[in-house]
file input39.cif (mmCIF, C-alpha atoms)
data_protein
loop_
_atom_site.label_atom_id
_atom_site.label_comp_id
_atom_site.auth_asym_id
_atom_site.auth_seq_id
_atom_site.Cartn_x
_atom_site.Cartn_y
_atom_site.Cartn_z
CA MET U 833 25.78 -25.15 203.90
CA ARG U 834 24.66 -23.42 200.73
CA TYR U 835 25.14 -19.70 200.05
CA ILE U 836 22.87 -17.51 197.97
CA SER U 837 24.62 -17.24 194.61
CA GLY U 838 22.32 -14.89 192.70
CA LYS U 839 22.92 -11.95 194.99
CA LYS U 840 23.51 -8.74 193.10
CA LYS U 841 26.71 -6.86 193.83
CA ARG U 842 26.50 -3.23 194.81
CA GLU U 843 27.79 -1.25 191.87
CA PRO U 844 28.73 2.20 193.19
CA GLU U 845 31.73 1.91 195.45
CA LYS U 846 32.47 5.62 195.46
CA ASP U 847 30.43 7.70 197.89
CA THR U 848 27.87 9.50 195.73
CA HIS U 849 27.43 12.24 198.35
CA VAL U 850 31.10 13.16 198.02
CA LEU U 851 30.92 12.80 194.24
CA SER U 852 28.00 15.23 193.98
CA LYS U 853 30.12 18.00 195.54
CA GLU U 854 32.90 17.64 192.94
CA PRO U 855 33.24 20.08 190.04
CA LEU U 856 32.66 18.90 186.49
CA SER U 857 35.71 17.64 184.64
CA ALA U 858 36.86 18.78 181.19
CA ASP U 859 37.03 15.06 180.28
CA LEU U 860 33.60 14.01 178.99
CA GLU U 861 34.20 10.29 179.58
CA GLN U 862 35.05 10.96 183.24
CA ASN U 863 31.85 13.02 183.61
CA ILE U 864 29.79 10.23 182.04
CA GLU U 865 31.25 7.66 184.44
CA SER U 866 30.53 9.95 187.41
CA LEU U 867 26.96 10.47 186.18
CA LYS U 868 26.45 6.72 185.87
CA LEU U 869 27.50 6.37 189.51
CA LEU U 870 25.27 9.23 190.66
CA LEU U 871 22.26 8.00 188.68
CA TYR U 872 22.83 4.29 189.37
CA GLY U 873 19.54 2.42 189.55
CA CYS U 874 17.51 5.32 188.16
CA SER U 875 15.59 3.90 185.22
CA ASP U 876 14.23 7.31 184.15
CA ALA U 877 17.66 8.88 183.63
CA VAL U 878 18.67 9.37 179.99
CA LEU U 879 22.27 9.99 178.90
CA LYS U 880 22.14 10.70 175.16
CA GLN U 881 25.60 10.87 173.59
CA PHE U 882 26.08 12.71 170.30
CA ARG U 883 28.72 14.31 168.06
CA PHE U 884 28.41 17.77 166.52
CA GLY U 885 30.27 20.41 164.54
CA LEU U 886 32.57 20.09 161.54
CA GLU U 887 35.32 17.50 161.29
CA PRO U 888 36.83 16.66 163.68
CA GLN U 889 33.52 16.50 165.49
CA THR U 890 33.16 17.21 169.19
CA LYS U 891 31.50 14.74 171.56
CA GLY U 892 28.69 15.76 173.84
CA VAL U 893 26.07 14.21 176.09
CA MET U 894 22.60 15.31 177.13
CA VAL U 895 21.27 14.33 180.54
CA TYR U 896 17.59 14.43 181.47
CA PHE U 897 14.86 12.44 183.20
CA ASP U 898 12.32 10.81 180.91
CA GLY U 899 8.85 11.99 181.85
CA LEU U 900 10.00 15.34 183.25
CA VAL U 901 11.03 16.94 179.95
CA ASN U 902 9.21 17.83 176.77
CA LYS U 903 10.96 15.56 174.25
CA SER U 904 9.94 17.65 171.26
CA ILE U 905 11.65 20.68 172.84
CA VAL U 906 14.77 18.58 173.47
CA GLU U 907 14.81 17.37 169.86
CA LEU U 908 13.86 20.61 168.09
CA SER U 909 15.50 23.22 170.32
CA ILE U 910 18.66 21.41 171.44
CA LEU U 911 19.61 18.46 169.22
CA LYS U 912 18.58 19.94 165.87
CA PRO U 913 20.44 23.25 166.37
CA LEU U 914 23.57 21.45 167.58
CA LEU U 915 23.61 18.77 164.89
CA ILE U 916 22.34 20.77 161.91
CA ASP U 917 22.57 24.53 162.54
CA LEU U 918 26.01 24.68 164.19
CA PRO U 919 27.82 23.02 161.24
CA LYS U 920 26.12 25.50 158.87
CA LEU U 921 27.92 28.31 160.71
CA GLY U 922 31.22 26.67 159.77
CA ILE U 923 32.54 26.57 163.33
CA CYS U 924 35.47 24.17 163.61
CA ILE U 925 36.32 23.04 167.13
CA GLU U 926 39.91 21.91 166.56
CA ASP U 927 41.36 24.44 168.97
CA ARG U 928 40.40 23.21 172.46
CA LYS U 929 41.50 26.56 173.93
CA ASN U 930 38.37 28.13 172.44
CA ILE U 931 35.98 25.61 173.98
CA ASP U 932 34.65 28.19 176.46
CA SER U 933 33.86 30.58 173.61
CA LEU U 934 32.09 27.68 171.87
CA LEU U 935 29.98 27.18 174.99
CA GLU U 936 29.01 30.87 174.97
CA THR U 937 28.24 30.75 171.22
CA ILE U 938 25.97 27.75 171.75
CA LYS U 939 24.30 29.44 174.71
CA GLU U 940 23.71 32.79 173.03
CA SER U 941 23.32 31.97 169.33
CA ILE U 942 22.50 28.30 168.73
CA LEU U 943 20.00 27.18 171.36
CA THR U 944 16.56 28.67 170.80
CA LEU U 945 15.24 28.31 174.33
CA ALA U 946 14.26 31.13 176.66
CA GLU U 947 16.10 29.67 179.64
CA VAL U 948 19.73 28.61 179.12
CA ASP U 949 22.25 28.77 182.00
CA THR U 950 25.65 27.32 182.85
CA LEU U 951 26.68 25.19 185.82
CA SER U 952 29.94 23.73 187.08
CA THR U 953 29.26 21.07 189.75
CA PHE U 954 27.56 17.68 189.87
CA ASP U 955 25.37 18.95 192.72
CA GLU U 956 23.95 21.72 190.52
CA LEU U 957 23.57 19.23 187.67
CA CYS U 958 21.56 16.79 189.82
CA VAL U 959 19.26 19.54 191.11
CA ARG U 960 18.54 20.91 187.64
CA VAL U 961 18.04 17.51 185.98
CA SER U 962 15.72 16.33 188.76
CA SER U 963 13.61 19.47 188.30
CA GLY U 964 13.02 18.69 184.61
CA ASP U 965 15.83 20.57 182.86
CA THR U 966 18.21 19.13 180.28
CA VAL U 967 21.97 19.40 180.88
CA ILE U 968 24.43 19.44 177.97
CA LEU U 969 28.05 18.44 178.63
CA ILE U 970 30.72 19.04 175.97
CA ASP U 971 34.07 17.28 175.74
CA GLY U 972 36.91 19.60 176.76
CA CYS U 973 34.73 21.94 178.82
CA ASP U 974 34.50 21.90 182.63
CA LYS U 975 31.13 23.67 182.56
CA ALA U 976 27.75 22.49 181.30
CA LEU U 977 24.75 24.16 179.72
CA VAL U 978 21.32 23.83 181.28
CA ALA U 979 18.26 24.21 179.07
CA GLY U 980 14.80 24.77 180.52
CA THR U 981 12.78 21.84 179.16
CA ARG U 982 10.38 21.23 182.07
CA CYS U 983 7.08 19.69 181.10
CA TRP U 984 5.57 16.88 183.08
CA GLU U 985 2.12 15.42 182.85
CA GLY U 986 -0.28 16.44 185.55
CA ARG U 987 -3.57 14.97 186.60
CA GLY U 988 -6.60 17.13 186.02
CA VAL U 989 -8.89 17.95 188.92
CA GLU U 990 -12.08 16.05 188.15
CA VAL U 991 -15.02 14.69 190.06
CA PRO U 992 -14.64 10.90 190.35
CA ASP U 993 -17.26 8.87 188.44
CA ASN U 994 -18.34 6.97 191.55
CA GLU U 995 -19.25 10.20 193.40
CA THR U 996 -21.84 11.53 190.93
#

call {"tool": "encode", "arguments": {"input": "input39.cif", "output": "structure tokens"}}
result
Amino acid sequence: MRYISGKKKREPEKDTHVLSKEPLSADLEQNIESLKLLLYGCSDAVLKQFRFGLEPQTKGVMVYFDGLVNKSIVELSILKPLLIDLPKLGICIEDRKNIDSLLETIKESILTLAEVDTLSTFDELCVRVSSGDTVILIDGCDKALVAGTRCWEGRGVEVPDNET
């Protein structure tokens, strides 16, 4: 008897419901792996990794759903300030003990958005990302920044052509 050989294996072995209740880790790579499990099979999810600050640079990742965010806001109000404006301030992130103060500096002085919050669990992260916000995770920090970037296309209310 012949068995089906092209059957796809189920990737996430860890229960994603349990994972969503866990707090964020200070290890960025661990957070990225957890996000990949939570967002497994979601083709709209974007995990954009980047480095910022002076040498030695700090790693970060942005998480958002394509189609729910305004990409120009993400690029001009999040990426540009982190990659270009933050190094101009001369902030060096060598001392990992000051990572929380870096998070506050980014929240209050670097990001130019009206709505910027912090969160600390994967559950909060999933809710905010699925509502059109962008989440920024920074290596060494067990909290994340949430930037209000909601902007999805809507259909206008029009009279159909076949009804006129």

call {"tool": "resolve_selection", "arguments": {"input": "input39.cif", "expression": "the PyMOL selection byres ((chain U and resi 960-967) around 8)", "output": "ChimeraX atom specification"}}
result
/U:894-897,900-901,906,956-959,968-969,976-984

call {"tool": "write_last_selection", "arguments": {"input": "input39.cif", "atoms": "C-alpha atoms", "output": "PDB file, keeping the file's coordinate frame"}}
result
ATOM      1  CA  MET U 894      22.600  15.310 177.130  1.00  0.00           C
ATOM      2  CA  VAL U 895      21.270  14.330 180.540  1.00  0.00           C
ATOM      3  CA  TYR U 896      17.590  14.430 181.470  1.00  0.00           C
ATOM      4  CA  PHE U 897      14.860  12.440 183.200  1.00  0.00           C
ATOM      5  CA  LEU U 900      10.000  15.340 183.250  1.00  0.00           C
ATOM      6  CA  VAL U 901      11.030  16.940 179.950  1.00  0.00           C
ATOM      7  CA  VAL U 906      14.770  18.580 173.470  1.00  0.00           C
ATOM      8  CA  GLU U 956      23.950  21.720 190.520  1.00  0.00           C
ATOM      9  CA  LEU U 957      23.570  19.230 187.670  1.00  0.00           C
ATOM     10  CA  CYS U 958      21.560  16.790 189.820  1.00  0.00           C
ATOM     11  CA  VAL U 959      19.260  19.540 191.110  1.00  0.00           C
ATOM     12  CA  ILE U 968      24.430  19.440 177.970  1.00  0.00           C
ATOM     13  CA  LEU U 969      28.050  18.440 178.630  1.00  0.00           C
ATOM     14  CA  ALA U 976      27.750  22.490 181.300  1.00  0.00           C
ATOM     15  CA  LEU U 977      24.750  24.160 179.720  1.00  0.00           C
ATOM     16  CA  VAL U 978      21.320  23.830 181.280  1.00  0.00           C
ATOM     17  CA  ALA U 979      18.260  24.210 179.070  1.00  0.00           C
ATOM     18  CA  GLY U 980      14.800  24.770 180.520  1.00  0.00           C
ATOM     19  CA  THR U 981      12.780  21.840 179.160  1.00  0.00           C
ATOM     20  CA  ARG U 982      10.380  21.230 182.070  1.00  0.00           C
ATOM     21  CA  CYS U 983       7.080  19.690 181.100  1.00  0.00           C
ATOM     22  CA  TRP U 984       5.570  16.880 183.080  1.00  0.00           C
TER      23      TRP U 984
END

call {"tool": "closest_residue", "arguments": {"input": "input39.cif", "among": "U:Val991, U:Leu867, U:Leu935, U:Leu951", "to": "Asp971 in chain U", "atoms": "all atoms listed in the file"}}
result
U:Leu935

call {"tool": "closest_residue", "arguments": {"input": "input39.cif", "among": "U:Asp917, U:Glu854, U:Glu947, U:Asp859", "to": "Gly972 in chain U", "atoms": "all atoms listed in the file"}}
result
U:Asp859

call {"tool": "closest_residue", "arguments": {"input": "input39.cif", "among": "U:Thr890, U:Asp932, U:Ser941, U:Leu870", "to": "Pro913 in chain U", "atoms": "only C-alpha atoms"}}
result
U:Ser941

call {"tool": "residues_near_point", "arguments": {"input": "input39.cif", "point": "(23.3, 11.2, 178.0)", "cutoff": "6 Å", "atoms": "only C-alpha atoms", "output": "PyMOL selection string"}}
result
chain U and resi 878-881+893-895

call {"tool": "atom_distance", "arguments": {"input": "input39.cif", "atom1": "CA of Glu990 in chain U", "atom2": "CA of Gly899 in chain U"}}
result
22.2 Å

call {"tool": "closest_residue", "arguments": {"input": "input39.cif", "among": "U:Ile864, U:Ile905, U:Ile916, U:Ala858", "to": "Arg883 in chain U", "atoms": "all atoms listed in the file"}}
result
U:Ile916

call {"tool": "atom_distance", "arguments": {"input": "input39.cif", "atom1": "CA of Leu856 in chain U", "atom2": "CA of Lys920 in chain U"}}
result
29.1 Å

call {"tool": "closest_residue", "arguments": {"input": "input39.cif", "among": "U:Asp876, U:Asp898, U:Glu936, U:Glu907", "to": "Thr950 in chain U", "atoms": "only C-alpha atoms"}}
result
U:Glu936

call {"tool": "closest_residue", "arguments": {"input": "input39.cif", "among": "U:Asp949, U:Cys973, U:Leu914, U:Ser857", "to": "Asn930 in chain U", "atoms": "all atoms listed in the file"}}
result
U:Cys973

call {"tool": "atom_distance", "arguments": {"input": "input39.cif", "atom1": "CA of Phe954 in chain U", "atom2": "CA of Lys853 in chain U"}}
result
6.2 Å
